[in-house]
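> Supplied in structure tokens, the structure appears directly below.
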Amino acid sequence: MTTPPAFIIDVRSPQEFAAGHLKGAVNIPHDRIEQAIGSIDGLEKNSAILLYCLSGARSAFACQVLAQLGFTRAVNGGAMATLLLNFERA
């Protein structure tokens, strides 16, 4: 299995995720990130991780948790709507 350039984690609720999410994203709600981060196959402490939510607040929280757990390349992507706009421009 090849490692993706970045793991994309949607930290919104399962209901929000079901209503729409970025292609390839995995849903781990922000309040479960510490317990569930180990469930992603191939994810390592130095893997590139992009986290997002509705506004960027929950993904900022999740980034802090991952940093405390030793993940060195977790980035807060902020709001899903902003990410979608940026991807459309690319």
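A note on labels: chains of the structure tokens are A, B, ... as shown, every chain counts residues from 1, and ligands are counted from 1 in their shown order.
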Within 7 Å of region 60-73 of chain A, counting only C-alpha atoms, which residues show up once you throw out same-chain ones fewer than 5 positions away? Write them as a PyMOL selection string, please.

chain A and resi 30+33-34+45-49

> Could you write those residues out with N, CA and C atoms, as an mmCIF file, in the first residue's frame?


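The resulting part.cif:
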data_model
loop_
_atom_site.group_PDB
_atom_site.id
_atom_site.type_symbol
_atom_site.label_atom_id
_atom_site.label_comp_id
_atom_site.auth_asym_id
_atom_site.auth_seq_id
_atom_site.Cartn_x
_atom_site.Cartn_y
_atom_site.Cartn_z
ATOM 1 N N HIS A 30 -13.646 15.647 16.650
ATOM 2 C CA HIS A 30 -12.559 16.270 17.419
ATOM 3 C C HIS A 30 -12.471 15.756 18.850
ATOM 4 N N ILE A 33 -10.485 12.365 18.803
ATOM 5 C CA ILE A 33 -9.237 12.291 18.048
ATOM 6 C C ILE A 33 -8.141 11.528 18.805
ATOM 7 N N GLU A 34 -8.020 11.781 20.095
ATOM 8 C CA GLU A 34 -6.962 11.127 20.874
ATOM 9 C C GLU A 34 -7.156 9.613 20.916
ATOM 10 N N LYS A 45 3.726 8.996 13.034
ATOM 11 C CA LYS A 45 3.926 10.273 13.734
ATOM 12 C C LYS A 45 4.441 11.371 12.811
ATOM 13 N N ASN A 46 5.137 10.999 11.727
ATOM 14 C CA ASN A 46 5.666 12.008 10.809
ATOM 15 C C ASN A 46 4.849 12.122 9.511
ATOM 16 N N SER A 47 3.674 11.501 9.473
ATOM 17 C CA SER A 47 2.801 11.601 8.300
ATOM 18 C C SER A 47 2.214 13.005 8.191
ATOM 19 N N ALA A 48 2.016 13.465 6.957
ATOM 20 C CA ALA A 48 1.335 14.738 6.737
ATOM 21 C C ALA A 48 -0.157 14.528 6.988
ATOM 22 N N ILE A 49 -0.725 15.393 7.830
ATOM 23 C CA ILE A 49 -2.135 15.291 8.199
ATOM 24 C C ILE A 49 -2.785 16.652 8.016
#

> Can you tell me, as a list of chain:residue names, which residues in chain A count as strand (DSSP E or B) by DSSP?

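These are the residues in question: A:Phe7, A:Ile8, A:Ile9, A:Asp10, A:Val26, A:Asn27, A:Ile49, A:Leu50, A:Leu51, A:Tyr52, A:Cys53, A:Ala74, A:Val75, A:Asn76, A:Gly77, A:Gly78, A:Ala79.
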
> Can you list, as a ChimeraX atom specification, every residue of chain A that DSSP puts in helix (DSSP H, G or I)?

/A:14-19,30-39,57-68,80-89

> Using only N, CA, C and O atoms, please write the residues we just selected to a file, as a compact mmCIF listing (two decimals), in the first residue's frame.


# COMPACT_ATOMS: atom_id res chain seq x y z
N PRO A 14 -20.30 12.92 13.01
CA PRO A 14 -20.67 11.97 11.95
C PRO A 14 -21.82 12.47 11.08
O PRO A 14 -21.86 12.22 9.88
N GLN A 15 -22.76 13.20 11.68
CA GLN A 15 -23.89 13.73 10.92
C GLN A 15 -23.43 14.78 9.91
O GLN A 15 -23.87 14.79 8.76
N GLU A 16 -22.53 15.67 10.34
CA GLU A 16 -21.98 16.68 9.42
C GLU A 16 -21.20 16.00 8.30
O GLU A 16 -21.31 16.39 7.13
N PHE A 17 -20.41 15.00 8.65
CA PHE A 17 -19.61 14.28 7.67
C PHE A 17 -20.51 13.62 6.63
O PHE A 17 -20.24 13.68 5.43
N ALA A 18 -21.59 12.99 7.11
CA ALA A 18 -22.52 12.30 6.20
C ALA A 18 -23.20 13.28 5.23
O ALA A 18 -23.54 12.91 4.11
N ALA A 19 -23.36 14.52 5.64
CA ALA A 19 -24.00 15.52 4.79
C ALA A 19 -23.08 16.02 3.68
O ALA A 19 -23.54 16.65 2.73
N HIS A 30 -13.65 15.65 16.65
CA HIS A 30 -12.56 16.27 17.42
C HIS A 30 -12.47 15.76 18.85
O HIS A 30 -11.39 15.62 19.40
N ASP A 31 -13.61 15.43 19.44
CA ASP A 31 -13.60 14.96 20.82
C ASP A 31 -13.23 13.48 20.95
O ASP A 31 -13.16 12.95 22.05
N ARG A 32 -12.94 12.83 19.81
CA ARG A 32 -12.51 11.43 19.81
C ARG A 32 -11.12 11.26 19.20
O ARG A 32 -10.63 10.14 19.07
N ILE A 33 -10.49 12.37 18.80
CA ILE A 33 -9.24 12.29 18.05
C ILE A 33 -8.14 11.53 18.81
O ILE A 33 -7.45 10.70 18.23
N GLU A 34 -8.02 11.78 20.09
CA GLU A 34 -6.96 11.13 20.87
C GLU A 34 -7.16 9.61 20.92
O GLU A 34 -6.20 8.86 20.78
N GLN A 35 -8.40 9.17 21.06
CA GLN A 35 -8.68 7.74 21.17
C GLN A 35 -8.67 7.04 19.81
O GLN A 35 -8.32 5.87 19.72
N ALA A 36 -9.04 7.74 18.74
CA ALA A 36 -9.26 7.08 17.45
C ALA A 36 -8.17 7.29 16.42
O ALA A 36 -8.18 6.63 15.38
N ILE A 37 -7.21 8.15 16.67
CA ILE A 37 -6.19 8.45 15.65
C ILE A 37 -5.41 7.20 15.25
O ILE A 37 -5.00 7.05 14.09
N GLY A 38 -5.24 6.28 16.15
CA GLY A 38 -4.51 5.05 15.85
C GLY A 38 -5.24 4.09 14.93
O GLY A 38 -4.65 3.11 14.46
N SER A 39 -6.50 4.37 14.62
CA SER A 39 -7.28 3.47 13.76
C SER A 39 -7.02 3.68 12.27
O SER A 39 -7.52 2.91 11.45
N ALA A 57 -12.21 25.89 14.27
CA ALA A 57 -12.00 25.81 15.72
C ALA A 57 -11.76 24.38 16.20
O ALA A 57 -10.82 24.10 16.95
N ARG A 58 -12.60 23.46 15.76
CA ARG A 58 -12.44 22.06 16.17
C ARG A 58 -11.17 21.46 15.58
O ARG A 58 -10.49 20.66 16.24
N SER A 59 -10.83 21.84 14.36
CA SER A 59 -9.60 21.31 13.75
C SER A 59 -8.37 21.88 14.45
O SER A 59 -7.35 21.20 14.56
N ALA A 60 -8.45 23.12 14.95
CA ALA A 60 -7.34 23.69 15.72
C ALA A 60 -7.14 22.90 17.01
O ALA A 60 -6.01 22.58 17.39
N PHE A 61 -8.25 22.58 17.67
CA PHE A 61 -8.18 21.76 18.89
C PHE A 61 -7.55 20.41 18.58
O PHE A 61 -6.65 19.95 19.29
N ALA A 62 -8.00 19.76 17.50
CA ALA A 62 -7.48 18.44 17.13
C ALA A 62 -5.99 18.51 16.80
O ALA A 62 -5.23 17.60 17.14
N CYS A 63 -5.56 19.59 16.16
CA CYS A 63 -4.13 19.78 15.85
C CYS A 63 -3.30 19.83 17.13
O CYS A 63 -2.22 19.23 17.19
N GLN A 64 -3.81 20.54 18.12
CA GLN A 64 -3.10 20.63 19.40
C GLN A 64 -2.98 19.26 20.06
O GLN A 64 -1.93 18.90 20.58
N VAL A 65 -4.06 18.50 20.01
CA VAL A 65 -4.05 17.16 20.60
C VAL A 65 -3.02 16.28 19.88
O VAL A 65 -2.22 15.60 20.52
N LEU A 66 -3.03 16.33 18.55
CA LEU A 66 -2.07 15.51 17.80
C LEU A 66 -0.64 15.92 18.08
O LEU A 66 0.25 15.07 18.19
N ALA A 67 -0.39 17.22 18.21
CA ALA A 67 0.96 17.70 18.54
C ALA A 67 1.40 17.15 19.89
O ALA A 67 2.55 16.71 20.06
N GLN A 68 0.48 17.16 20.85
CA GLN A 68 0.80 16.62 22.18
C GLN A 68 1.08 15.12 22.12
O GLN A 68 1.84 14.60 22.95
N MET A 80 -14.06 23.82 5.98
CA MET A 80 -14.23 23.00 4.79
C MET A 80 -14.57 23.85 3.58
O MET A 80 -14.04 23.62 2.49
N ALA A 81 -15.42 24.85 3.73
CA ALA A 81 -15.82 25.70 2.61
C ALA A 81 -14.61 26.41 2.00
O ALA A 81 -14.48 26.51 0.77
N THR A 82 -13.70 26.88 2.84
CA THR A 82 -12.49 27.55 2.34
C THR A 82 -11.60 26.56 1.60
O THR A 82 -11.05 26.89 0.54
N LEU A 83 -11.46 25.37 2.13
CA LEU A 83 -10.65 24.35 1.45
C LEU A 83 -11.24 24.01 0.09
O LEU A 83 -10.51 23.89 -0.90
N LEU A 84 -12.56 23.88 0.04
CA LEU A 84 -13.20 23.58 -1.24
C LEU A 84 -12.94 24.68 -2.26
O LEU A 84 -12.65 24.40 -3.42
N LEU A 85 -13.03 25.93 -1.84
CA LEU A 85 -12.75 27.04 -2.76
C LEU A 85 -11.31 27.00 -3.25
O LEU A 85 -11.05 27.21 -4.43
N ASN A 86 -10.39 26.72 -2.35
CA ASN A 86 -8.97 26.65 -2.73
C ASN A 86 -8.70 25.51 -3.70
O ASN A 86 -7.90 25.63 -4.62
N PHE A 87 -9.36 24.36 -3.49
CA PHE A 87 -9.17 23.22 -4.39
C PHE A 87 -9.74 23.52 -5.76
O PHE A 87 -9.20 23.11 -6.78
N GLU A 88 -10.86 24.23 -5.82
CA GLU A 88 -11.47 24.57 -7.10
C GLU A 88 -10.57 25.51 -7.91
O GLU A 88 -10.54 25.44 -9.13
N ARG A 89 -9.83 26.37 -7.23
CA ARG A 89 -8.95 27.31 -7.91
C ARG A 89 -7.69 26.63 -8.45
O ARG A 89 -7.07 27.11 -9.38

> Name the residues in contact with Asn27 (chain A) at a cut-off of 8 Å, using only C-alpha atoms, excluding same-chain residues fewer than 4 positions from it; report them as an mmCIF file with C-alpha atoms, in the first residue's frame.


data_model
loop_
_atom_site.group_PDB
_atom_site.id
_atom_site.type_symbol
_atom_site.label_atom_id
_atom_site.label_comp_id
_atom_site.auth_asym_id
_atom_site.auth_seq_id
_atom_site.Cartn_x
_atom_site.Cartn_y
_atom_site.Cartn_z
ATOM 1 C CA ILE A 9 -9.257 14.091 8.640
ATOM 2 C CA ASP A 10 -12.680 15.677 9.011
ATOM 3 C CA VAL A 11 -13.144 16.380 12.733
ATOM 4 C CA ARG A 12 -16.830 17.309 12.499
ATOM 5 C CA SER A 13 -19.656 15.137 13.825
ATOM 6 C CA PRO A 14 -20.667 11.969 11.951
ATOM 7 C CA PHE A 17 -19.611 14.277 7.669
#
